[in-house]
Every structure is written in structure tokens, then in C-alpha cells.
$ cat data-v3.txt   # compact mmCIF, C-alpha atoms
# COMPACT_ATOMS: atom_id res chain seq x y z
CA MET A 212 -12.23 0.10 35.44
CA ASN A 213 -9.54 -2.30 34.23
CA LEU A 214 -6.06 -1.28 33.06
CA ILE A 215 -6.92 -1.23 29.35
CA GLU A 216 -9.94 1.02 29.91
CA LYS A 217 -7.84 3.27 32.14
CA ILE A 218 -5.17 3.67 29.47
CA PHE A 219 -7.69 4.54 26.76
CA SER A 220 -9.60 6.86 29.09
CA ILE A 221 -6.48 9.02 29.25
CA GLY A 222 -7.34 10.28 25.80
CA ARG A 223 -10.72 11.65 26.93
CA GLU A 224 -9.92 13.18 30.32
CA GLN A 225 -10.18 16.89 30.95
CA PRO A 226 -7.20 19.03 29.92
CA GLY A 227 -4.51 19.06 32.54
CA SER A 228 -5.22 15.55 33.85
CA SER A 229 -4.29 13.33 30.93
CA THR A 230 -0.53 13.75 30.62
CA MET A 231 0.87 12.40 33.86
CA PRO A 232 -1.18 9.18 34.02
CA PHE A 233 0.17 8.14 30.63
CA VAL A 234 3.75 9.00 31.55
CA VAL A 235 3.48 7.17 34.88
CA ILE A 236 1.98 4.05 33.29
CA LEU A 237 4.61 4.06 30.54
CA GLY A 238 7.46 4.53 33.01
CA ALA A 239 6.21 1.86 35.39
CA LEU A 240 5.78 -0.76 32.66
CA CYS A 241 9.21 -0.05 31.17
CA ILE A 242 10.94 -0.20 34.57
CA LEU A 243 9.22 -3.50 35.37
CA ALA A 244 10.26 -4.97 32.01
CA SER A 245 13.85 -3.80 32.52
CA ALA A 246 14.00 -5.23 36.03
CA ALA A 247 12.59 -8.53 34.75
CA ASN A 248 15.44 -8.66 32.25
CA LEU A 249 18.37 -7.71 34.49
CA LEU A 250 17.29 -9.03 37.90
CA VAL A 251 15.11 -12.08 37.21
CA PRO A 252 16.94 -15.38 36.43
CA VAL A 253 16.79 -16.57 32.83
CA ASP A 254 15.02 -19.80 33.78
CA SER A 255 12.23 -17.93 35.59
CA PRO A 256 8.83 -17.57 33.85
CA LEU A 257 8.93 -13.87 34.83
CA HIS A 258 12.17 -13.24 32.95
CA VAL A 259 11.97 -10.84 29.99
CA SER A 260 14.53 -11.70 27.31
CA THR A 261 16.90 -9.17 25.79
CA TYR A 262 15.27 -9.85 22.42
CA THR A 263 11.92 -8.76 23.89
CA ILE A 264 13.50 -5.63 25.38
CA THR A 265 14.94 -4.72 21.98
CA LEU A 266 11.59 -5.39 20.32
CA LEU A 267 9.78 -3.20 22.86
CA GLY A 268 12.35 -0.45 22.30
CA LYS A 269 11.65 -0.61 18.57
CA TYR A 270 7.91 -0.35 19.25
CA LEU A 271 8.49 2.77 21.37
CA CYS A 272 10.48 4.35 18.52
CA TYR A 273 7.55 3.66 16.22
CA ALA A 274 5.20 5.18 18.81
CA MET A 275 7.31 8.34 18.77
CA LEU A 276 7.10 8.42 14.97
CA ALA A 277 3.31 7.98 15.12
CA LEU A 278 3.15 10.83 17.64
CA ALA A 279 5.00 13.06 15.17
CA VAL A 280 2.53 12.25 12.39
CA ASP A 281 -0.48 12.74 14.68
CA ILE A 282 0.72 16.21 15.68
CA ILE A 283 0.79 17.43 12.09
CA TRP A 284 -2.18 15.40 10.81
CA GLY A 285 -4.57 15.22 13.73
CA TYR A 286 -4.12 18.78 14.97
CA CYS A 287 -3.23 20.69 11.81
CA GLY A 288 -4.97 18.60 9.15
CA ILE A 289 -1.80 18.07 7.10
CA LEU A 290 -1.62 14.47 5.93
CA SER A 291 2.12 13.86 5.56
CA LEU A 292 3.18 10.74 3.68
CA GLY A 293 6.85 11.61 4.02
CA HIS A 294 7.67 11.43 7.71
CA GLY A 295 9.56 8.22 7.06
CA ALA A 296 12.18 10.46 5.41
CA PHE A 297 12.80 12.42 8.61
CA PHE A 298 12.88 9.18 10.59
CA ALA A 299 15.49 7.75 8.21
CA LEU A 300 17.61 10.91 8.17
CA GLY A 301 17.79 10.87 11.96
CA GLY A 302 18.71 7.20 11.78
CA TYR A 303 21.47 7.84 9.25
CA ALA A 304 22.96 10.60 11.43
CA MET A 305 23.13 8.18 14.35
CA GLY A 306 24.43 5.43 12.05
CA MET A 307 27.27 7.67 10.84
CA TYR A 308 28.33 8.27 14.42
CA LEU A 309 28.22 4.55 15.21
CA MET A 310 30.26 3.75 12.08
CA ARG A 311 32.94 6.23 13.12
CA GLN A 312 33.16 4.48 16.50
CA ILE A 313 34.18 1.18 14.86
CA GLY A 314 37.64 2.49 13.98
CA ASP A 315 40.19 -0.17 13.08
CA ARG A 316 37.92 -2.98 14.31
CA GLY A 317 36.30 -3.21 10.88
CA VAL A 318 36.91 -5.97 8.36
CA TYR A 319 39.58 -3.94 6.55
CA GLY A 320 41.12 -2.45 9.69
CA ASN A 321 41.06 1.14 8.43
CA PRO A 322 40.98 3.47 11.46
CA GLU A 323 39.16 6.27 9.62
CA LEU A 324 37.19 4.91 6.65
CA PRO A 325 34.16 2.63 7.13
CA ASP A 326 34.42 -0.78 5.48
CA PHE A 327 32.11 0.05 2.58
CA MET A 328 34.27 3.04 1.64
CA VAL A 329 37.41 0.90 1.64
CA PHE A 330 35.61 -1.69 -0.49
CA LEU A 331 34.64 1.03 -3.00
CA ASN A 332 38.26 2.30 -3.10
CA TRP A 333 37.56 5.62 -1.43
CA THR A 334 40.78 7.28 -0.28
CA GLU A 335 39.49 9.88 2.13
CA LEU A 336 36.51 10.58 4.32
CA PRO A 337 33.85 12.81 2.66
CA TRP A 338 33.45 16.30 4.13
CA TYR A 339 29.94 15.57 5.40
CA TRP A 340 31.31 12.73 7.53
CA GLN A 341 33.66 15.12 9.35
CA GLY A 342 32.77 15.63 13.00
CA MET A 343 30.45 12.64 13.09
CA ASP A 344 32.85 10.88 15.47
CA GLN A 345 31.69 13.31 18.17
CA PHE A 346 28.44 12.35 19.90
CA TRP A 347 27.27 15.91 20.54
CA PHE A 348 27.84 16.88 16.90
CA ALA A 349 26.04 13.79 15.61
CA MET A 350 23.05 14.50 17.86
CA LEU A 351 23.01 18.09 16.61
CA MET A 352 22.85 16.75 13.04
CA VAL A 353 20.00 14.41 14.05
CA LEU A 354 17.90 17.52 14.70
CA LEU A 355 19.43 20.03 12.28
CA ILE A 356 19.32 18.15 8.96
CA PRO A 357 15.70 16.87 9.16
CA GLY A 358 14.61 20.16 10.71
CA LEU A 359 16.23 22.17 7.91
CA LEU A 360 14.69 19.93 5.24
CA ALA A 361 11.26 20.26 6.87
CA PHE A 362 11.65 24.03 7.08
CA VAL A 363 12.61 24.45 3.43
CA PHE A 364 9.94 22.04 2.20
CA GLY A 365 7.26 23.47 4.46
CA TRP A 366 8.05 27.08 3.67
CA LEU A 367 7.89 26.50 -0.08
CA ALA A 368 4.75 24.38 0.10
CA PHE A 369 2.75 26.34 2.66
CA ARG A 370 3.69 29.72 1.25
CA SER A 371 2.35 28.51 -2.08
CA ARG A 372 -0.79 27.35 -0.24
CA VAL A 373 -0.47 23.75 -1.36
CA THR A 374 -2.96 21.68 0.63
CA GLY A 375 -4.87 18.41 0.65
CA VAL A 376 -3.93 15.50 -1.54
CA TYR A 377 -1.45 17.60 -3.52
CA LEU A 378 0.63 18.22 -0.40
CA SER A 379 0.45 14.53 0.54
CA ILE A 380 1.75 13.56 -2.91
CA MET A 381 4.58 16.08 -2.60
CA THR A 382 5.68 14.64 0.75
CA GLN A 383 5.57 11.15 -0.72
CA ALA A 384 7.62 12.29 -3.72
CA MET A 385 10.19 13.80 -1.37
CA THR A 386 10.77 10.59 0.55
CA TYR A 387 10.85 8.54 -2.66
CA ALA A 388 13.48 10.86 -4.15
CA LEU A 389 15.62 10.53 -1.02
CA MET A 390 15.28 6.75 -1.15
CA LEU A 391 16.58 6.66 -4.74
CA ALA A 392 19.44 8.99 -3.83
CA PHE A 393 20.56 6.97 -0.81
CA PHE A 394 20.55 3.77 -2.85
CA ARG A 395 23.44 5.19 -4.90
CA ASN A 396 26.94 4.21 -3.74
CA GLU A 397 28.22 7.63 -4.81
CA MET A 398 26.26 9.27 -1.98
CA GLY A 399 28.66 7.80 0.58
CA PHE A 400 26.05 6.21 2.85
CA GLY A 401 26.60 2.53 2.11
CA GLY A 402 24.28 2.27 -0.89
CA ASN A 403 21.85 -0.63 -0.85
CA ASN A 404 23.39 -2.22 2.27
CA GLY A 405 23.29 0.97 4.31
CA LEU A 406 25.17 1.25 7.61
CA THR A 407 25.55 -1.71 9.96
CA ASP A 408 27.99 -3.80 12.04
CA PHE A 409 27.93 -1.27 14.88
CA LYS A 410 30.15 -2.05 17.87
CA ASP A 411 29.50 0.40 20.67
CA LEU A 412 27.78 3.63 21.66
CA MET A 413 29.74 6.16 23.72
CA GLY A 414 32.10 3.33 24.68
CA PHE A 415 29.35 0.91 25.75
CA ASP A 416 28.98 -2.43 23.99
CA LEU A 417 25.78 -2.47 21.96
CA GLN A 418 25.45 -6.24 22.41
CA SER A 419 25.43 -5.96 26.20
CA ASP A 420 22.14 -6.64 27.98
CA THR A 421 22.68 -3.56 30.15
CA THR A 422 23.20 -1.31 27.13
CA ARG A 423 20.06 -2.68 25.52
CA VAL A 424 18.05 -1.95 28.64
CA VAL A 425 19.48 1.58 28.90
CA LEU A 426 18.55 2.26 25.27
CA PHE A 427 15.06 0.93 25.94
CA LEU A 428 14.62 3.15 29.01
CA THR A 429 16.08 6.14 27.17
CA THR A 430 13.55 5.65 24.39
CA ALA A 431 10.72 5.45 26.93
CA LEU A 432 12.00 8.59 28.65
CA MET A 433 12.20 10.51 25.37
CA LEU A 434 8.69 9.37 24.41
CA GLY A 435 7.36 10.57 27.76
CA LEU A 436 9.13 13.94 27.52
CA ILE A 437 7.99 14.52 23.94
CA PHE A 438 4.44 13.56 24.92
CA ILE A 439 4.47 16.13 27.75
CA LEU A 440 6.04 18.84 25.58
CA SER A 441 3.56 18.20 22.77
CA LYS A 442 0.63 18.43 25.20
CA LEU A 443 1.93 21.75 26.49
CA ILE A 444 2.40 23.13 22.98
CA LEU A 445 -1.02 22.02 21.76
CA ARG A 446 -2.75 23.46 24.84
CA SER A 447 -1.00 26.80 24.43
CA ARG A 448 -2.14 29.72 22.32
CA PHE A 449 0.01 28.35 19.50
CA GLY A 450 -1.86 25.04 19.64
CA LYS A 451 -5.25 26.74 19.62
CA VAL A 452 -4.26 28.68 16.51
CA ILE A 453 -3.10 25.43 14.88
CA VAL A 454 -6.50 23.81 15.48
CA ALA A 455 -8.22 26.95 14.20
CA ILE A 456 -6.13 26.77 11.02
CA ARG A 457 -7.14 23.16 10.56
CA ASP A 458 -10.83 23.88 11.01
CA GLY A 459 -10.88 27.00 8.86
CA GLU A 460 -7.60 28.28 7.50
CA SER A 461 -9.18 31.02 5.41
CA ARG A 462 -10.97 32.38 8.50
CA ALA A 463 -7.76 32.31 10.55
CA ARG A 464 -5.95 34.12 7.75
CA PHE A 465 -8.77 36.66 7.49
CA ILE A 466 -8.48 37.70 11.15
CA GLY A 467 -4.76 38.34 10.79
CA TYR A 468 -2.82 35.14 11.44
CA HIS A 469 0.08 34.22 9.15
CA THR A 470 -1.08 30.63 8.88
CA GLU A 471 1.88 29.46 6.79
CA ARG A 472 4.28 30.38 9.62
CA TYR A 473 2.35 28.33 12.18
CA LYS A 474 2.20 25.36 9.81
CA VAL A 475 5.91 25.55 8.99
CA TRP A 476 7.04 25.55 12.62
CA LEU A 477 4.68 22.73 13.58
CA PHE A 478 5.96 20.77 10.58
CA VAL A 479 9.57 21.34 11.69
CA TYR A 480 8.76 20.28 15.26
CA SER A 481 7.04 17.14 14.00
CA ALA A 482 9.99 16.32 11.71
CA MET A 483 12.45 16.64 14.61
CA ILE A 484 10.41 14.20 16.70
CA ALA A 485 10.51 11.70 13.83
CA ALA A 486 14.29 12.21 13.55
CA VAL A 487 14.83 11.55 17.27
CA ALA A 488 12.79 8.36 16.89
CA GLY A 489 15.03 7.28 14.01
CA ALA A 490 18.19 8.04 15.98
CA LEU A 491 17.02 5.85 18.87
CA TYR A 492 15.84 3.14 16.50
CA VAL A 493 19.20 2.50 14.80
CA PRO A 494 21.37 1.37 17.75
CA GLN A 495 18.59 -0.97 18.88
CA VAL A 496 17.98 -2.71 15.55
CA GLY A 497 21.62 -2.52 14.43
CA ILE A 498 21.13 -1.29 10.86
CA ILE A 499 19.90 1.61 8.75
CA ASN A 500 19.44 1.35 4.99
CA PRO A 501 17.56 3.19 2.20
CA GLY A 502 14.57 0.91 2.68
CA GLU A 503 13.58 3.10 5.65
CA PHE A 504 12.80 5.88 3.16
CA SER A 505 10.19 3.71 1.44
CA PRO A 506 6.89 5.61 0.97
CA LEU A 507 5.10 2.46 2.15
CA ASN A 508 6.62 2.96 5.60
CA SER A 509 5.18 6.47 5.84
CA ILE A 510 1.77 5.22 4.74
CA GLU A 511 1.91 2.51 7.39
CA VAL A 512 2.48 5.16 10.08
CA VAL A 513 -0.74 6.86 9.00
CA VAL A 514 -2.54 3.55 9.57
CA TRP A 515 -1.14 3.36 13.11
CA VAL A 516 -2.46 6.82 13.89
CA ALA A 517 -5.86 6.11 12.33
CA VAL A 518 -6.23 2.86 14.29
CA GLY A 519 -5.40 4.50 17.61
CA GLY A 520 -7.33 7.71 16.98
CA ARG A 521 -5.89 10.81 15.38
CA GLY A 522 -5.97 14.10 17.20
CA THR A 523 -5.51 12.50 20.62
CA LEU A 524 -1.73 11.86 20.92
CA ILE A 525 -2.39 8.88 23.20
CA GLY A 526 -4.28 7.22 20.36
CA ALA A 527 -1.27 7.49 18.06
CA VAL A 528 0.97 5.83 20.66
CA ILE A 529 -1.49 3.02 21.38
CA GLY A 530 -2.12 2.46 17.67
CA ALA A 531 1.59 2.17 16.91
CA LEU A 532 2.16 -0.31 19.73
CA LEU A 533 -0.82 -2.52 18.92
CA VAL A 534 -0.38 -2.60 15.14
CA ASN A 535 3.33 -3.37 15.36
CA TYR A 536 2.73 -6.10 17.91
CA ALA A 537 0.12 -7.56 15.56
CA LYS A 538 2.62 -7.30 12.70
CA THR A 539 5.22 -9.23 14.66
CA ARG A 540 2.76 -12.02 15.45
CA PHE A 541 1.08 -12.09 12.03
CA THR A 542 4.27 -12.12 9.96
CA ALA A 543 5.52 -15.09 11.96
CA ILE A 544 2.42 -17.04 10.90
CA MET A 545 1.77 -15.70 7.38
CA PRO A 546 4.48 -13.28 6.15
CA GLU A 547 2.95 -12.76 2.70
CA GLY A 548 -0.45 -11.83 4.11
CA TRP A 549 0.52 -8.94 6.37
CA LEU A 550 0.01 -6.17 3.81
CA PHE A 551 -3.46 -7.52 3.02
CA ALA A 552 -4.27 -7.65 6.72
CA LEU A 553 -2.98 -4.10 7.20
CA GLY A 554 -5.08 -2.83 4.31
CA ALA A 555 -8.17 -4.60 5.63
CA LEU A 556 -7.53 -3.14 9.09
CA PHE A 557 -7.34 0.38 7.68
CA VAL A 558 -10.58 -0.07 5.71
CA LEU A 559 -12.42 -1.46 8.75
CA VAL A 560 -11.20 1.34 10.99
CA THR A 561 -12.17 3.97 8.42
CA LEU A 562 -15.69 2.52 8.05
CA PHE A 563 -16.53 1.51 11.61
CA LEU A 564 -14.07 3.37 13.88
CA PRO A 565 -13.52 6.81 12.35
CA LYS A 566 -12.23 8.05 15.72
CA GLY A 567 -10.02 5.01 16.27
CA LEU A 568 -9.81 2.85 19.37
CA VAL A 569 -9.98 5.89 21.64
CA GLY A 570 -13.34 6.72 20.06
CA LEU A 571 -14.52 3.13 20.55
CA PHE A 572 -14.00 3.28 24.30
CA SER A 573 -15.74 6.65 24.48
CA ARG A 574 -18.97 5.10 23.13
CA ARG A 575 -19.49 2.95 26.22
CA PRO A 576 -22.70 3.87 28.12
CA GLY A 577 -22.10 6.38 30.87
CA LYS A 578 -18.75 7.47 29.54
CA ALA A 579 -17.88 11.08 28.87
CA LYS A 580 -17.52 12.33 25.34
CA PRO A 581 -13.85 12.13 24.30
CA ILE A 582 -11.91 15.34 24.21
CA THR A 583 -10.02 15.12 20.94
CA ALA A 584 -8.91 17.40 18.17
CA GLU A 585 -11.68 16.38 15.79
CA PRO A 586 -12.56 19.10 13.30
CA ALA A 587 -15.60 21.18 14.14
CA LYS A 588 -18.60 21.08 11.84
CA GLU A 589 -19.26 24.12 9.70
CA GLU A 590 -22.16 26.27 10.89
CA ARG A 591 -24.94 27.08 8.48
CA ALA A 592 -25.27 30.70 7.55
$ encode --input "data-v3.txt" --output "C-alpha cells"
Amino acid sequence: MNLIEKIFSIGREQPGSSTMPFVVILGALCILASAANLLVPVDSPLHVSTYTITLLGKYLCYAMLALAVDIIWGYCGILSLGHGAFFALGGYAMGMYLMRQIGDRGVYGNPELPDFMVFLNWTELPWYWQGMDQFWFAMLMVLLIPGLLAFVFGWLAFRSRVTGVYLSIMTQAMTYALMLAFFRNEMGFGGNNGLTDFKDLMGFDLQSDTTRVVLFLTTALMLGLIFILSKLILRSRFGKVIVAIRDGESRARFIGYHTERYKVWLFVYSAMIAAVAGALYVPQVGIINPGEFSPLNSIEVVVWVAVGGRGTLIGAVIGALLVNYAKTRFTAIMPEGWLFALGALFVLVTLFLPKGLVGLFSRRPGKAKPITAEPAKEERA
């Protein structure tokens, strides 16, 4: 079995055996790439450039975001078209911290106010920027703000038993409303330009090759930890109830489960994962702006999950990595055609690979049937 088949086979192994192989493969590849950047001479064909390291780090952030969507969609049946909002909120929390670290090194030399506030004639720092110069407080906000939004939204929606396409439209409306709000200069988040021109993170230069590698490895570590934690949650009693709710919510409710509570907490957990992905994304790409709230971004994440195979976790990660790599290559050749290619990819996957790439590899002769979170068929009375 070659490496590609081994990676995809992770998604169909028996419970208890699929987590560590993925984490080990991920860790090994990331360590090798990092070593090839820091230890291999630049003129060597084995050298991995800092640009590539940054690009790989961005892909891993996207993989974490796809994992978050797969948890709520593949295992609970809730198609969220608004996870880009949680991703962006986590990114803005990190961006606020990075802006506070600039100090008097900005264009206007103001030790307290970011450059865009000075340009807009602001005289004092808004109350919601207070404390964002402390790393621990900023990281708390990365989790708290998206988590609180997800809790309020989920509680109101699930308690009212909003499901299906109506819930998807509501999540899309939420992220679109946030995008319009953050575009306004009065919000105090940089308006159309967003937050950028970051200098350092916890005293380390963000332009340094070493810092870039550390951010890349940190992202890989967080992805591995979240993957393990998600596996444990979904294999627990809580996870079994979640799948039961997806397959027959009315039946689960009939036997005594408060289904809205399970859905709310899974939604909050998923939102926090997306926020962590956004927080790791910002220092690596160097900017966060309202465009990250775009509903199109959230729809694109759904395509990643569908391509890889929803309800498998590993499929979401693989789908995010492959589609974003294809996007990087395709946009370099034909930038205007990427959206058409993405749409065609989604249609082809829906028609011919309903279980994604993980399902494709499971169809090989002699292979075991994949163990996924596919909904069970209704029994005839």
C-alpha cells in the first residue's frame, strides 16, 4: 500500500486505530518540511522556502476550519454556511493583539493608538481594545467571543427547532451581517483595510524564518490535538447521541434527550475550533480584513469537506489541503476561472463521489467498507 492509500485508509480503520497514524504522519511531514527550511542550504534542491512554509501553514489553518465544519455537518447534520464568521472573529482577536504590539513603531508613532485610528482622528482607545495588549487575554477572547456568539445563535435557533435550509440561510445571514458591520470605520477594526502591518508576536519578529517555522509547527500541533480531541468526543456517549440526533432527531427527543442542548454545545465547540484556526491564520498571512466574513468563504469550506468526505474528519482535512493546493496552482494559471472550476468540482463530487475521496478509496476491490458517520437508512415499518 503506498503512502496516499495509507493516508486515506485512516478514515476507514476500526475505531481506536485511526487517530495516531494521522497525527504521526502529519507531525513527521511538518518536521521534515521545517528541517528542510532551517537546516538545508538555500541552493539545495531539498530546501523548502519560507514562502512554502507559510503557504503550508495557511493550508493547515484551512484544514482546521474544514474539521470544524465537518464536526457540525458530517456528524450532526447541520449545514453551517457561517463558520467563516467564527474564523474571522478569531482572526480579528489575534490581529488586535498584534496591532497593540506595534506601539510607537507605526507610521504615526503613537504608542497606544493603531495607525488607522490616528488617521481617523480618534483620541482614545475604544473600551473593547483594552487588555488586548496581553497575550493571555487576547487568546481568551479568541475563544470567548466566537463561542458566545455561537451559543446565543445556536440556543435561539435550535430551541426554535429551525433546521435544514432555513438554518443554513440564517448562518449565512449572520456572517453577511458581520461583514457589513466590520466594513464600517466606526466599528474600530480598520474598516475596509482591516488590520495589518504586524511587527512581532510575543517579542519574536514575524518576518523571521524561525518564527514562521514555529507558527507552522504550532498550527500542525493544534490541528493534531484538535483531531484527537474531536475523535474522543465523537466516540463518547455524547458523540453517539449527536449521530442519533442527526439520523432521527424526533426519535432521540422522544426517548428523553434534550436534543437542542447537544446541538448547541457541539455548535459552540465547532465555532471555537474555527476561531483558533483564524487566530493562527492571521500572523502567518499578515492581514485580517472584513473580506474573511464573506459568505462565499464559508460555502467554499463546505466544498472542501464534501470533496474529502464528510463525516470522517480525515476527509475534511485531506479535502481542505488538496482543494487549496489546487486553488494555488489554478489561480496562477487562470485566476478568473477558479470559481468555475470550484463549482464544477463540487458538482462532480456530488454526482460521482457522494462520500468524497475517502469513499473512492473504499471502493477498491478487497477493501473494507469505510467506517464513517453516514446517515443510516430509515427502516420500513
$ atom_distance --input "data-v3.txt" --atom1 "CA of Ile313 (chain A)" --atom2 "CA of Asp411 (chain A)"
7.5 Å
$ atom_distance --input "data-v3.txt" --atom1 "CA of His469 (chain A)" --atom2 "CA of Ile484 (chain A)"
23.8 Å
$ closest_residue --input "data-v3.txt" --among "A:Ala274, A:Leu445, A:Leu562, A:Leu243" --to "Tyr536 (chain A)" --atoms "all atoms listed in the file"
A:Ala274
$ axis_aligned_box --input "data-v3.txt" --around "region 292-307 of chain A" --padding-each-side "6 Å" --output "lines of an AutoDock Vina configuration file"
center_x = 15.2
center_y = 8.9
center_z = 9.0
size_x = 36.1
size_y = 19.0
size_z = 22.7
$ closest_atom_pairs --input "data-v3.txt" --of "region 439-498 of chain A" --to "region 398-409 of chain A" --cutoff "12 Å" --atoms "all atoms listed in the file" --output "tab-separated table"
residue	atom	partner	partner_atom	distance
A:Val493	CA	A:Thr407	CA	9.0
A:Pro494	CA	A:Phe409	CA	7.6
A:Gln495	CA	A:Phe409	CA	10.2
A:Val496	CA	A:Thr407	CA	9.5
A:Gly497	CA	A:Thr407	CA	6.0
A:Ile498	CA	A:Thr407	CA	4.5
$ closest_atom_pairs --input "data-v3.txt" --of "region 369-484 of chain A" --to "region 349-353 of chain A" --cutoff "12 Å" --atoms "all atoms listed in the file" --output "tab-separated table"
residue	atom	partner	partner_atom	distance
A:Leu412	CA	A:Ala349	CA	12.0
A:Met413	CA	A:Ala349	CA	11.7
A:Ala482	CA	A:Val353	CA	10.5
A:Met483	CA	A:Val353	CA	7.9
A:Ile484	CA	A:Val353	CA	10.0
$ residues_near_point --input "data-v3.txt" --point "(13.6, -2.4, -2.7)" --cutoff "12 Å" --atoms "all atoms listed in the file" --output "list of chain:residue names"
A:Tyr387, A:Met390, A:Leu391, A:Phe393, A:Phe394, A:Gly402, A:Asn403, A:Asn404, A:Asn500, A:Pro501, A:Gly502, A:Glu503, A:Phe504, A:Ser505, A:Pro506, A:Leu507
$ closest_residue --input "data-v3.txt" --among "A:Trp347, A:Phe557, A:Tyr262, A:Phe438" --to "Ala527 (chain A)" --atoms "all atoms listed in the file"
A:Phe438
$ atom_distance --input "data-v3.txt" --atom1 "CA of Val259 (chain A)" --atom2 "CA of Cys272 (chain A)"
19.1 Å
$ residues_around --input "data-v3.txt" --residues "Ala361 (chain A)" --least-positions-apart "2" --cutoff "7 Å" --atoms "all atoms listed in the file" --output "PyMOL selection string"
chain A and resi 357-359+363-365+478-479+482
